[in-house]
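J.: Sharing upload17.cif, mmCIF, C-alpha atoms and all ligand atoms:
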data_work
#
loop_
_atom_site.group_PDB
_atom_site.id
_atom_site.type_symbol
_atom_site.label_atom_id
_atom_site.label_comp_id
_atom_site.auth_asym_id
_atom_site.auth_seq_id
_atom_site.Cartn_x
_atom_site.Cartn_y
_atom_site.Cartn_z
ATOM 1 C CA MET A 1 -0.169 -6.280 -23.508
ATOM 2 C CA GLN A 2 3.282 -4.724 -23.374
ATOM 3 C CA LEU A 3 3.600 -2.220 -20.501
ATOM 4 C CA ASP A 4 6.381 0.083 -21.606
ATOM 5 C CA LEU A 5 8.171 2.779 -19.599
ATOM 6 C CA THR A 6 10.967 3.498 -22.062
ATOM 7 C CA GLY A 7 12.418 6.954 -21.402
ATOM 8 C CA LYS A 8 10.448 7.416 -18.173
ATOM 9 C CA ARG A 9 12.156 8.609 -15.001
ATOM 10 C CA ALA A 10 10.834 7.134 -11.771
ATOM 11 C CA LEU A 11 11.475 7.703 -8.083
ATOM 12 C CA ILE A 12 10.384 5.023 -5.603
ATOM 13 C CA THR A 13 10.616 5.461 -1.832
ATOM 14 C CA ALA A 14 11.722 2.448 0.228
ATOM 15 C CA GLY A 15 12.587 0.709 -3.016
ATOM 16 C CA ALA A 16 15.314 -1.682 -1.883
ATOM 17 C CA GLY A 17 13.062 -4.336 -0.327
ATOM 18 C CA GLY A 18 9.532 -5.749 -0.419
ATOM 19 C CA LEU A 19 6.987 -4.230 -2.801
ATOM 20 C CA GLY A 20 9.217 -1.260 -3.652
ATOM 21 C CA ARG A 21 12.031 -3.549 -4.787
ATOM 22 C CA ARG A 22 9.726 -5.616 -7.001
ATOM 23 C CA THR A 23 8.299 -2.400 -8.471
ATOM 24 C CA ALA A 24 11.831 -1.099 -9.171
ATOM 25 C CA GLU A 25 12.645 -4.370 -10.971
ATOM 26 C CA LEU A 26 9.519 -4.237 -13.142
ATOM 27 C CA PHE A 27 10.080 -0.556 -13.927
ATOM 28 C CA SER A 28 13.683 -1.200 -14.946
ATOM 29 C CA ASN A 29 12.608 -4.179 -17.103
ATOM 30 C CA ALA A 30 10.034 -1.927 -18.756
ATOM 31 C CA GLY A 31 12.765 0.557 -19.743
ATOM 32 C CA ALA A 32 12.539 3.202 -17.009
ATOM 33 C CA LYS A 33 15.456 4.904 -15.296
ATOM 34 C CA VAL A 34 14.867 4.424 -11.567
ATOM 35 C CA PHE A 35 16.003 6.107 -8.362
ATOM 36 C CA ILE A 36 15.192 4.542 -5.000
ATOM 37 C CA CYS A 37 15.836 5.353 -1.373
ATOM 38 C CA ASP A 38 15.868 2.983 1.551
ATOM 39 C CA ILE A 39 16.977 2.865 5.170
ATOM 40 C CA ASP A 40 18.726 -0.488 4.637
ATOM 41 C CA GLN A 41 22.209 0.023 3.168
ATOM 42 C CA ASP A 42 22.850 -3.654 2.305
ATOM 43 C CA GLN A 43 19.564 -3.991 0.482
ATOM 44 C CA LEU A 44 20.179 -0.720 -1.317
ATOM 45 C CA GLU A 45 23.582 -1.900 -2.519
ATOM 46 C CA SER A 46 22.107 -5.202 -3.626
ATOM 47 C CA ALA A 47 19.415 -3.362 -5.634
ATOM 48 C CA ARG A 48 22.110 -1.181 -7.228
ATOM 49 C CA ASP A 49 24.115 -4.281 -8.183
ATOM 50 C CA LYS A 50 21.232 -6.332 -9.509
ATOM 51 C CA ILE A 51 18.860 -3.885 -11.177
ATOM 52 C CA PRO A 52 19.997 -2.126 -14.369
ATOM 53 C CA ASN A 53 19.408 1.632 -14.827
ATOM 54 C CA LEU A 54 18.960 2.153 -11.105
ATOM 55 C CA ASP A 55 20.689 4.249 -8.489
ATOM 56 C CA GLY A 56 19.709 5.058 -4.940
ATOM 57 C CA MET A 57 20.546 6.594 -1.625
ATOM 58 C CA VAL A 58 20.343 5.483 1.979
ATOM 59 C CA THR A 59 17.628 7.598 3.574
ATOM 60 C CA ASP A 60 15.357 7.401 6.570
ATOM 61 C CA VAL A 61 12.172 8.861 5.089
ATOM 62 C CA SER A 62 11.044 10.067 8.520
ATOM 63 C CA ASP A 63 13.972 12.534 8.516
ATOM 64 C CA ARG A 64 12.533 15.492 6.606
ATOM 65 C CA ASP A 65 15.898 17.107 5.786
ATOM 66 C CA ALA A 66 17.246 13.789 4.534
ATOM 67 C CA LEU A 67 14.096 13.304 2.452
ATOM 68 C CA LYS A 68 14.676 16.643 0.708
ATOM 69 C CA THR A 69 18.350 15.865 0.047
ATOM 70 C CA MET A 70 17.387 12.455 -1.325
ATOM 71 C CA PHE A 71 14.764 13.992 -3.614
ATOM 72 C CA GLU A 72 17.272 16.487 -5.021
ATOM 73 C CA THR A 73 19.911 13.766 -5.501
ATOM 74 C CA GLY A 74 17.365 11.557 -7.244
ATOM 75 C CA LEU A 75 16.273 14.358 -9.517
ATOM 76 C CA ASP A 76 19.904 15.029 -10.529
ATOM 77 C CA TYR A 77 20.415 11.358 -11.366
ATOM 78 C CA LEU A 78 17.138 11.055 -13.277
ATOM 79 C CA GLY A 79 17.355 14.423 -15.068
ATOM 80 C CA GLY A 80 13.657 15.112 -14.426
ATOM 81 C CA LEU A 81 10.651 13.187 -13.180
ATOM 82 C CA ASP A 82 7.738 11.344 -14.800
ATOM 83 C CA ILE A 83 6.719 8.898 -12.071
ATOM 84 C CA LEU A 84 6.631 8.989 -8.274
ATOM 85 C CA VAL A 85 5.805 5.901 -6.234
ATOM 86 C CA ASN A 86 5.182 6.748 -2.587
ATOM 87 C CA ASN A 87 5.797 3.258 -1.300
ATOM 88 C CA ALA A 88 7.421 3.814 2.103
ATOM 89 C CA GLY A 89 5.250 2.626 4.935
ATOM 90 C CA THR A 90 5.573 1.108 8.351
ATOM 91 C CA ALA A 91 3.192 -1.156 10.269
ATOM 92 C CA GLY A 92 3.086 1.040 13.380
ATOM 93 C CA PRO A 93 2.107 -0.243 16.824
ATOM 94 C CA THR A 94 -0.236 -3.183 17.418
ATOM 95 C CA GLY A 95 -2.655 -2.825 20.324
ATOM 96 C CA PRO A 96 -5.897 -1.266 21.525
ATOM 97 C CA VAL A 97 -6.383 2.422 20.770
ATOM 98 C CA GLU A 98 -6.316 3.470 24.434
ATOM 99 C CA GLY A 99 -2.785 2.072 24.757
ATOM 100 C CA VAL A 100 -1.258 3.687 21.673
ATOM 101 C CA ASP A 101 1.650 5.946 22.574
ATOM 102 C CA ILE A 102 1.484 9.372 20.920
ATOM 103 C CA ASN A 103 5.092 9.018 19.692
ATOM 104 C CA ASP A 104 4.259 5.704 17.979
ATOM 105 C CA TRP A 105 1.159 7.307 16.466
ATOM 106 C CA MET A 106 3.214 10.249 15.133
ATOM 107 C CA ALA A 107 5.953 7.978 13.740
ATOM 108 C CA CYS A 108 3.384 5.860 11.889
ATOM 109 C CA ILE A 109 1.599 8.910 10.427
ATOM 110 C CA GLU A 110 4.946 10.490 9.484
ATOM 111 C CA ILE A 111 6.230 7.569 7.404
ATOM 112 C CA ASN A 112 2.935 6.441 5.867
ATOM 113 C CA LEU A 113 1.206 9.765 5.253
ATOM 114 C CA THR A 114 3.350 12.863 5.826
ATOM 115 C CA CYS A 115 6.198 11.450 3.757
ATOM 116 C CA THR A 116 3.736 10.894 0.879
ATOM 117 C CA PHE A 117 2.577 14.504 1.179
ATOM 118 C CA LEU A 118 6.140 15.893 1.280
ATOM 119 C CA MET A 119 7.343 13.792 -1.655
ATOM 120 C CA THR A 120 4.291 14.762 -3.705
ATOM 121 C CA GLN A 121 4.794 18.421 -2.914
ATOM 122 C CA MET A 122 8.429 18.265 -4.084
ATOM 123 C CA ALA A 123 7.570 16.226 -7.187
ATOM 124 C CA VAL A 124 4.686 18.275 -8.599
ATOM 125 C CA PRO A 125 6.704 21.098 -10.251
ATOM 126 C CA HIS A 126 8.915 18.525 -11.984
ATOM 127 C CA LEU A 127 6.003 16.353 -13.139
ATOM 128 C CA ARG A 128 4.377 19.503 -14.504
ATOM 129 C CA GLU A 129 7.620 20.448 -16.256
ATOM 130 C CA ALA A 130 7.659 16.972 -17.868
ATOM 131 C CA GLY A 131 4.204 17.695 -19.333
ATOM 132 C CA GLY A 132 2.428 15.350 -16.949
ATOM 133 C CA GLY A 133 3.126 12.173 -15.052
ATOM 134 C CA ALA A 134 1.907 9.568 -12.633
ATOM 135 C CA ILE A 135 1.910 9.311 -8.861
ATOM 136 C CA VAL A 136 1.066 6.025 -7.167
ATOM 137 C CA ASN A 137 0.619 5.948 -3.410
ATOM 138 C CA LEU A 138 0.600 2.793 -1.327
ATOM 139 C CA SER A 139 -2.526 2.611 0.783
ATOM 140 C CA SER A 140 -3.699 -0.743 2.105
ATOM 141 C CA ALA A 141 -6.782 -2.856 2.729
ATOM 142 C CA ALA A 142 -6.470 -1.114 6.116
ATOM 143 C CA GLY A 143 -7.426 2.076 4.226
ATOM 144 C CA LYS A 144 -10.694 0.459 3.108
ATOM 145 C CA PHE A 145 -11.800 -1.501 6.179
ATOM 146 C CA GLY A 146 -11.472 -0.912 9.911
ATOM 147 C CA PHE A 147 -8.419 -2.722 11.272
ATOM 148 C CA PRO A 148 -8.722 -3.541 14.991
ATOM 149 C CA MET A 149 -5.478 -3.118 16.985
ATOM 150 C CA ARG A 150 -3.856 -1.080 14.208
ATOM 151 C CA SER A 151 -5.552 2.321 14.540
ATOM 152 C CA PRO A 152 -2.534 4.507 13.539
ATOM 153 C CA TYR A 153 -1.814 2.450 10.418
ATOM 154 C CA SER A 154 -5.465 2.346 9.392
ATOM 155 C CA ALA A 155 -5.860 6.101 9.926
ATOM 156 C CA ALA A 156 -2.757 6.786 7.814
ATOM 157 C CA LYS A 157 -3.868 4.481 4.993
ATOM 158 C CA TRP A 158 -7.404 5.971 4.917
ATOM 159 C CA GLY A 159 -5.650 9.358 4.807
ATOM 160 C CA ILE A 160 -3.794 8.255 1.679
ATOM 161 C CA VAL A 161 -7.147 7.632 -0.058
ATOM 162 C CA GLY A 162 -8.404 11.170 0.565
ATOM 163 C CA PHE A 163 -5.045 12.672 -0.323
ATOM 164 C CA THR A 164 -4.910 10.668 -3.564
ATOM 165 C CA ARG A 165 -8.374 11.667 -4.697
ATOM 166 C CA THR A 166 -7.772 15.333 -3.881
ATOM 167 C CA VAL A 167 -4.376 15.509 -5.595
ATOM 168 C CA ALA A 168 -5.897 13.843 -8.679
ATOM 169 C CA MET A 169 -8.544 16.574 -8.860
ATOM 170 C CA GLU A 170 -6.062 19.409 -8.320
ATOM 171 C CA LEU A 171 -3.506 18.147 -10.825
ATOM 172 C CA GLY A 172 -5.668 16.499 -13.485
ATOM 173 C CA PRO A 173 -5.619 19.656 -15.635
ATOM 174 C CA ASP A 174 -1.798 19.369 -15.683
ATOM 175 C CA LYS A 175 -2.082 15.734 -16.881
ATOM 176 C CA ILE A 176 -0.660 14.516 -13.598
ATOM 177 C CA ARG A 177 -2.502 11.389 -12.513
ATOM 178 C CA CYS A 178 -2.631 10.188 -8.932
ATOM 179 C CA ASN A 179 -3.899 6.789 -7.803
ATOM 180 C CA CYS A 180 -3.419 4.559 -4.834
ATOM 181 C CA VAL A 181 -3.124 0.810 -4.561
ATOM 182 C CA GLN A 182 -4.683 -1.040 -1.641
ATOM 183 C CA PRO A 183 -2.872 -4.343 -1.214
ATOM 184 C CA GLY A 184 -4.246 -7.075 0.940
ATOM 185 C CA PRO A 185 -1.710 -8.968 3.025
ATOM 186 C CA VAL A 186 1.284 -9.817 0.817
ATOM 187 C CA GLU A 187 3.280 -13.024 1.196
ATOM 188 C CA GLY A 188 6.740 -12.207 2.608
ATOM 189 C CA ASP A 189 8.704 -11.015 5.631
ATOM 190 C CA ARG A 190 6.460 -8.100 6.402
ATOM 191 C CA ILE A 191 3.271 -10.117 6.793
ATOM 192 C CA ASP A 192 5.203 -12.686 8.813
ATOM 193 C CA ARG A 193 6.111 -9.901 11.268
ATOM 194 C CA VAL A 194 2.495 -8.659 11.358
ATOM 195 C CA ILE A 195 1.162 -12.189 11.944
ATOM 196 C CA LYS A 196 3.628 -12.653 14.790
ATOM 197 C CA ALA A 197 2.618 -9.383 16.484
ATOM 198 C CA LYS A 198 -1.124 -9.955 16.007
ATOM 199 C CA ALA A 199 -0.923 -13.567 17.192
ATOM 200 C CA ALA A 200 0.876 -12.431 20.341
ATOM 201 C CA ALA A 201 -1.697 -9.677 20.961
ATOM 202 C CA ALA A 202 -4.599 -12.144 20.442
ATOM 203 C CA ASN A 203 -2.822 -14.904 22.388
ATOM 204 C CA ILE A 204 -3.172 -17.485 19.594
ATOM 205 C CA SER A 205 -0.609 -19.365 17.483
ATOM 206 C CA GLU A 206 0.908 -17.820 14.359
ATOM 207 C CA ASN A 207 -0.624 -20.622 12.249
ATOM 208 C CA GLN A 208 -4.073 -19.864 13.630
ATOM 209 C CA MET A 209 -3.642 -16.170 12.885
ATOM 210 C CA ARG A 210 -2.453 -16.925 9.328
ATOM 211 C CA SER A 211 -5.492 -19.087 8.557
ATOM 212 C CA GLU A 212 -7.876 -16.514 10.107
ATOM 213 C CA MET A 213 -6.356 -13.856 7.874
ATOM 214 C CA THR A 214 -6.556 -15.882 4.644
ATOM 215 C CA SER A 215 -10.075 -17.185 5.397
ATOM 216 C CA ILE A 216 -11.460 -13.676 5.043
ATOM 217 C CA ALA A 217 -10.393 -13.325 1.374
ATOM 218 C CA SER A 218 -12.649 -14.705 -1.378
ATOM 219 C CA LEU A 219 -9.637 -16.373 -3.003
ATOM 220 C CA LYS A 220 -8.471 -17.761 0.396
ATOM 221 C CA GLU A 221 -4.848 -16.749 -0.053
ATOM 222 C CA PHE A 222 -2.507 -13.795 0.359
ATOM 223 C CA VAL A 223 -1.439 -11.802 -2.688
ATOM 224 C CA THR A 224 2.155 -11.562 -3.958
ATOM 225 C CA ALA A 225 4.595 -8.691 -4.403
ATOM 226 C CA ASP A 226 4.384 -9.319 -8.137
ATOM 227 C CA ASP A 227 0.608 -8.711 -8.117
ATOM 228 C CA ILE A 228 1.099 -5.297 -6.510
ATOM 229 C CA ALA A 229 4.118 -4.230 -8.578
ATOM 230 C CA SER A 230 2.288 -5.227 -11.791
ATOM 231 C CA MET A 231 -0.648 -3.000 -10.849
ATOM 232 C CA ILE A 232 1.694 -0.086 -10.103
ATOM 233 C CA LEU A 233 3.388 -0.601 -13.478
ATOM 234 C CA PHE A 234 0.008 -0.698 -15.218
ATOM 235 C CA LEU A 235 -1.083 2.558 -13.552
ATOM 236 C CA CYS A 236 2.169 4.319 -14.484
ATOM 237 C CA SER A 237 2.209 3.099 -18.100
ATOM 238 C CA SER A 238 0.163 4.490 -20.988
ATOM 239 C CA ALA A 239 -2.348 1.670 -20.331
ATOM 240 C CA GLY A 240 -3.419 3.677 -17.275
ATOM 241 C CA LYS A 241 -3.594 7.031 -19.019
ATOM 242 C CA HIS A 242 -7.255 7.622 -18.195
ATOM 243 C CA ILE A 243 -7.132 6.287 -14.660
ATOM 244 C CA THR A 244 -6.814 8.859 -11.892
ATOM 245 C CA GLY A 245 -8.170 9.480 -8.400
ATOM 246 C CA GLN A 246 -8.764 5.765 -7.862
ATOM 247 C CA SER A 247 -8.073 3.447 -4.945
ATOM 248 C CA ILE A 248 -7.454 0.061 -6.478
ATOM 249 C CA SER A 249 -7.667 -3.051 -4.349
ATOM 250 C CA VAL A 250 -5.367 -5.956 -5.114
ATOM 251 C CA ASP A 251 -6.334 -8.242 -2.270
ATOM 252 C CA GLY A 252 -7.842 -11.538 -3.449
ATOM 253 C CA GLY A 253 -11.323 -10.239 -2.624
ATOM 254 C CA LEU A 254 -10.851 -9.319 1.029
ATOM 255 C CA GLU A 255 -14.170 -9.041 2.852
ATOM 256 C CA GLY A 256 -12.688 -7.353 5.940
ATOM 257 C CA LEU A 257 -9.606 -7.507 8.146
ATOM 258 C CA VAL A 258 -8.903 -9.443 11.321
HETATM 259 P P1 LIG B 301 8.564 -3.672 4.026
HETATM 260 O O1 LIG B 301 8.320 -3.674 5.492
HETATM 261 O O2 LIG B 301 8.906 -4.953 3.347
HETATM 262 O O3 LIG B 301 9.657 -2.575 3.758
HETATM 263 C C1 LIG B 301 10.026 -2.219 2.450
HETATM 264 C C2 LIG B 301 11.280 -1.391 2.528
HETATM 265 O O4 LIG B 301 11.092 -0.226 3.335
HETATM 266 C C3 LIG B 301 12.464 -2.139 3.148
HETATM 267 O O5 LIG B 301 13.508 -2.243 2.191
HETATM 268 C C4 LIG B 301 12.857 -1.283 4.346
HETATM 269 O O6 LIG B 301 14.253 -1.261 4.570
HETATM 270 C C5 LIG B 301 12.341 0.078 3.944
HETATM 271 N N1 LIG B 301 12.128 1.022 5.051
HETATM 272 C C6 LIG B 301 11.582 0.755 6.255
HETATM 273 N N2 LIG B 301 11.572 1.879 7.014
HETATM 274 C C7 LIG B 301 12.116 2.865 6.262
HETATM 275 C C8 LIG B 301 12.399 4.250 6.495
HETATM 276 N N3 LIG B 301 12.095 4.834 7.655
HETATM 277 N N4 LIG B 301 12.980 4.957 5.494
HETATM 278 C C9 LIG B 301 13.296 4.368 4.312
HETATM 279 N N5 LIG B 301 13.066 3.071 4.046
HETATM 280 C C10 LIG B 301 12.480 2.327 5.010
HETATM 281 O O7 LIG B 301 7.251 -3.033 3.313
HETATM 282 P P2 LIG B 301 6.346 -3.623 2.135
HETATM 283 O O8 LIG B 301 5.582 -4.776 2.633
HETATM 284 O O9 LIG B 301 7.123 -3.758 0.902
HETATM 285 O O10 LIG B 301 5.268 -2.431 1.999
HETATM 286 C C11 LIG B 301 5.409 -1.371 1.094
HETATM 287 C C12 LIG B 301 4.176 -0.498 1.176
HETATM 288 O O11 LIG B 301 3.000 -1.283 0.934
HETATM 289 C C13 LIG B 301 3.972 0.152 2.545
HETATM 290 O O12 LIG B 301 3.455 1.451 2.384
HETATM 291 C C14 LIG B 301 2.925 -0.737 3.207
HETATM 292 O O13 LIG B 301 2.190 -0.076 4.198
HETATM 293 C C15 LIG B 301 2.077 -1.124 2.005
HETATM 294 N N6 LIG B 301 1.361 -2.386 2.210
HETATM 295 C C16 LIG B 301 2.027 -3.560 2.393
HETATM 296 C C17 LIG B 301 1.306 -4.720 2.596
HETATM 297 C C18 LIG B 301 1.995 -6.038 2.822
HETATM 298 O O14 LIG B 301 1.347 -7.002 3.234
HETATM 299 N N7 LIG B 301 3.291 -6.163 2.530
HETATM 300 C C19 LIG B 301 -0.099 -4.697 2.607
HETATM 301 C C20 LIG B 301 -0.740 -3.483 2.415
HETATM 302 C C21 LIG B 301 -0.007 -2.339 2.216
#
Can you present the structure in this file as structure tokens?
T.:
Amino acid sequence: MQLDLTGKRALITAGAGGLGRRTAELFSNAGAKVFICDIDQDQLESARDKIPNLDGMVTDVSDRDALKTMFETGLDYLGGLDILVNNAGTAGPTGPVEGVDINDWMACIEINLTCTFLMTQMAVPHLREAGGGAIVNLSSAAGKFGFPMRSPYSAAKWGIVGFTRTVAMELGPDKIRCNCVQPGPVEGDRIDRVIKAKAAAANISENQMRSEMTSIASLKEFVTADDIASMILFLCSSAGKHITGQSISVDGGLEGLV
């Protein structure tokens, strides 16, 4: 099956690294014009150099004024909008709920959930003007299971599920689809950082934590950035034209989280 985005205009938050970067690459390969933002200038420049039909802007998505400026700049570059991928997310604090600092809670909710709301709100008139479009939000397996020691992140990612389903119902009549993807742990730097923090909190070795985390998936391994980006591409292409309001797990059959 050929997943084609020729002529489509896509904005991806935090698109210079990790899952966002891989999604930007697949979108560009599929023929889309892509605009990304990211907090990391070097990574952003590397994405600009290496990915055709892509521009971007350094932005901290937790800065609401900067987010608005970035959206307007992206829209100018793209000349309209067909696809929004709300990818930006941060792991938030690791520790028992009674020790979570309110500022860490707020920062985690801001980047994972409020940013998704604000970007969606700005995008809707332009998606409507395009005659319809697709929004994909990044939830997580932590938005499907409880996730001990990560209460802010889990709350934000469960929030994404409710937001996704509601937006899909509100905007379906305008042919705007909204889905979320729930990745399990993805091989790469991010999960290495999470393993390190969780191993320290549980007072066990990083290797032990890694094998505990993979043992709880039916396929006994982590997923890859390619798995997630391919699902996002599928949802945004015409192959996904009757899929909306869904929370789609790409997690190797996770049976819970440790
Ligand atoms: P990541 O930590 O690899 O970061 C991706 C990019 O986000 C980086 O380029 C980074 O510079 C940028 N970024 C970080 N803070 C930013 C900010 N404040 N403003 C703008 N850019 C910022 O993340 P990832 O693993 O690619 O995850 C992407 C999404 O997928 C997130 O929403 C995450 O919660 C979700 N997710 C990831 C995993 C996983 O294991 N990787 C699992 C489930 C869900």
J.: Might you spell out which residues the PyMOL selection byres (((chain A and resi 6) around 7) and not hetatm) would select in the displayed file, as a list in words?
T.: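 In the shown coordinates, the PyMOL selection byres (((chain A and resi 6) around 7) and not hetatm) covers Asp4, Leu5, Gly7, Lys8, Ala30, Gly31 and Ala32 of chain A.
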J.: So how many Å separate CA of Arg128 (chain A) and CA of Asp174 (chain A), to one decimal?
T.: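 These two atoms are separated by 6.3 Å.
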J.: Give the residues close to ligand LIG 301 (chain B), within 6 Å, counting all atoms listed in the file; write them as a VMD selection string.
T.: chain A and resid 14 16 to 20 38 to 40 59 to 62 87 to 90 138 to 140 183 to 186 190 to 191
J.: As a check of understanding, name the residues that the PyMOL selection byres (((chain A and resi 121) around 12) and not hetatm) selects in the supplied structure, as a PDB file with C-alpha atoms, in the coordinates of the input.
T.:
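This is the output file out-v2.pdb:
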ATOM      1  CA  LEU A  67      14.096  13.304   2.452  1.00  0.00           C
ATOM      2  CA  LYS A  68      14.676  16.643   0.708  1.00  0.00           C
ATOM      3  CA  PHE A  71      14.764  13.992  -3.614  1.00  0.00           C
ATOM      4  CA  LEU A  84       6.631   8.989  -8.274  1.00  0.00           C
ATOM      5  CA  ASN A  86       5.182   6.748  -2.587  1.00  0.00           C
ATOM      6  CA  THR A 114       3.350  12.863   5.826  1.00  0.00           C
ATOM      7  CA  CYS A 115       6.198  11.450   3.757  1.00  0.00           C
ATOM      8  CA  THR A 116       3.736  10.894   0.879  1.00  0.00           C
ATOM      9  CA  PHE A 117       2.577  14.504   1.179  1.00  0.00           C
ATOM     10  CA  LEU A 118       6.140  15.893   1.280  1.00  0.00           C
ATOM     11  CA  MET A 119       7.343  13.792  -1.655  1.00  0.00           C
ATOM     12  CA  THR A 120       4.291  14.762  -3.705  1.00  0.00           C
ATOM     13  CA  MET A 122       8.429  18.265  -4.084  1.00  0.00           C
ATOM     14  CA  ALA A 123       7.570  16.226  -7.187  1.00  0.00           C
ATOM     15  CA  VAL A 124       4.686  18.275  -8.599  1.00  0.00           C
ATOM     16  CA  PRO A 125       6.704  21.098 -10.251  1.00  0.00           C
ATOM     17  CA  HIS A 126       8.915  18.525 -11.984  1.00  0.00           C
ATOM     18  CA  LEU A 127       6.003  16.353 -13.139  1.00  0.00           C
ATOM     19  CA  ARG A 128       4.377  19.503 -14.504  1.00  0.00           C
ATOM     20  CA  ILE A 135       1.910   9.311  -8.861  1.00  0.00           C
ATOM     21  CA  PHE A 163      -5.045  12.672  -0.323  1.00  0.00           C
ATOM     22  CA  VAL A 167      -4.376  15.509  -5.595  1.00  0.00           C
ATOM     23  CA  LEU A 171      -3.506  18.147 -10.825  1.00  0.00           C
TER      24      LEU A 171
END
J.: Could you pull the residues within 7 Å of region 229-238 of chain A, counting all atoms listed in the file, minus those fewer than 2 positions along the same chain, as a list in words?
T.: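 In the requested form, the answer reads Leu3, Asp4, Leu5, Leu19, Arg22, Thr23, Phe27, Ile83, Ala134, Val136, Ala225, Asp226, Asp227, Gly240 and Lys241 of chain A.
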J.: Mind telling me what the PyMOL selection byres (((chain A and resi 75) around 10) and not hetatm) catches here, as a list in words?
T.: Arg9, Ala10, Leu11, Phe35, Thr69, Met70, Phe71, Glu72, Thr73, Gly74, Asp76, Tyr77, Leu78, Gly79, Gly80, Leu81, Ala123 and His126 of chain A
J.: Between A:Arg210, A:Ile228, A:Pro148, A:Leu219, which one has atoms that come closest to Arg21 (chain A), using all atoms listed in the file?
T.: A:Ile228
J.: Skip region 192-194 of chain A itself and residues of its chain fewer than 3 positions away, then list as a PyMOL selection string all residues within 9 Å of it, counting only C-alpha atoms.
T.: chain A and resi 91+94+187-189+197-199+206+210
J.: Taking 2 positions as the minimum chain separation for residues in the same chain, which residues sit within 8 Å of Gln246 (chain A) when counting only C-alpha atoms? Answer as a PDB file with C-alpha atoms, keeping the file's coordinate frame.
T.:
ATOM      1  CA  THR A 164      -4.910  10.668  -3.564  1.00  0.00           C
ATOM      2  CA  ARG A 165      -8.374  11.667  -4.697  1.00  0.00           C
ATOM      3  CA  CYS A 178      -2.631  10.188  -8.932  1.00  0.00           C
ATOM      4  CA  ASN A 179      -3.899   6.789  -7.803  1.00  0.00           C
ATOM      5  CA  CYS A 180      -3.419   4.559  -4.834  1.00  0.00           C
ATOM      6  CA  ILE A 243      -7.132   6.287 -14.660  1.00  0.00           C
ATOM      7  CA  THR A 244      -6.814   8.859 -11.892  1.00  0.00           C
ATOM      8  CA  ILE A 248      -7.454   0.061  -6.478  1.00  0.00           C
TER       9      ILE A 248
END
J.: Kindly indicate which residue among A:Asp63, A:Gly15, A:Lys50, A:Pro173 lies nearest to Gly132 (chain A), using all atoms listed in the file for the distances.
T.: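 Smallest separation from Gly132 (chain A) among the options: A:Pro173.
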J.: Quote the spacing between CA of His242 (chain A) and CA of Glu25 (chain A) in Å to one decimal place.
T.: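 Spanning CA of His242 (chain A) to CA of Glu25 (chain A) is a straight-line distance of 24.3 Å.
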J.: Could you tell me how far CA of Gly253 (chain A) sits from CA of Val223 (chain A), in Å to one decimal place?
T.: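 Taking CA of Val223 (chain A) as the start and CA of Gly253 (chain A) as the end point, the length is 10.0 Å.
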J.: When distances are computed from all atoms listed in the file, which of A:Ser28, A:Val58, A:Met1, A:Ser151 shows the smallest separation from Glu45 (chain A)?
T.: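 Ranked by minimum distance to Glu45 (chain A), first place goes to A:Val58.
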J.: Just checking: using all atoms listed in the file, which residue out of A:Ala155, A:Leu44, A:Ile176, A:Asn137 ends up closest to Met106 (chain A)?
T.: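 Looking at the shortest contact to Met106 (chain A), the residue is A:Ala155.
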J.: Name the closest residue to Ser211 (chain A) among the candidates A:Glu170, A:Ser46, A:Val258, A:Asp251; distances are taken between atoms, counting all atoms listed in the file.
T.: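 Using all atoms listed in the file, Ser211 (chain A) sits closest to A:Val258.
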J.: Could you list, as a list in words, every residue within 8 Å of Trp158 (chain A), counting all atoms listed in the file and ignoring same-chain residues fewer than 5 positions away?
T.: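 That gives Ser139, Ala142, Gly143 and Lys144 of chain A.
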J.: With only C-alpha atoms as the basis for distance, which of A:Ala107, A:Ala202, A:Met149, A:Leu254 is at the shortest distance from Ser218 (chain A)?
T.: A:Leu254
J.: The centre and edge lengths of an axis-aligned box containing all atoms of region 10-14 of chain A present in the file, extended by 3 Å on each side, are to be given in Å to one decimal, as JSON.
T.:
{"center_x": 11.1, "center_y": 5.1, "center_z": -5.8, "size_x": 7.3, "size_y": 11.3, "size_z": 18.0}
J.: Please supply region 30-34 of chain A, rebuilt with N, CA, C and O atoms, as a PDB file, in the coordinates of the input.
T.:
ATOM      1  N   ALA A  30      10.913  -2.596 -17.783  1.00  0.00           N
ATOM      2  CA  ALA A  30      10.034  -1.927 -18.756  1.00  0.00           C
ATOM      3  C   ALA A  30      10.726  -0.739 -19.420  1.00  0.00           C
ATOM      4  O   ALA A  30      10.104  -0.033 -20.219  1.00  0.00           O
ATOM      5  N   GLY A  31      11.993  -0.485 -19.044  1.00  0.00           N
ATOM      6  CA  GLY A  31      12.765   0.557 -19.743  1.00  0.00           C
ATOM      7  C   GLY A  31      12.918   1.861 -18.994  1.00  0.00           C
ATOM      8  O   GLY A  31      13.506   2.813 -19.525  1.00  0.00           O
ATOM      9  N   ALA A  32      12.432   1.943 -17.764  1.00  0.00           N
ATOM     10  CA  ALA A  32      12.539   3.202 -17.009  1.00  0.00           C
ATOM     11  C   ALA A  32      13.922   3.341 -16.379  1.00  0.00           C
ATOM     12  O   ALA A  32      14.616   2.351 -16.127  1.00  0.00           O
ATOM     13  N   LYS A  33      14.300   4.596 -16.139  1.00  0.00           N
ATOM     14  CA  LYS A  33      15.456   4.904 -15.296  1.00  0.00           C
ATOM     15  C   LYS A  33      14.885   5.107 -13.894  1.00  0.00           C
ATOM     16  O   LYS A  33      13.884   5.823 -13.732  1.00  0.00           O
ATOM     17  N   VAL A  34      15.510   4.487 -12.890  1.00  0.00           N
ATOM     18  CA  VAL A  34      14.867   4.424 -11.567  1.00  0.00           C
ATOM     19  C   VAL A  34      15.811   4.931 -10.475  1.00  0.00           C
ATOM     20  O   VAL A  34      16.995   4.587 -10.462  1.00  0.00           O
TER      21      VAL A  34
END
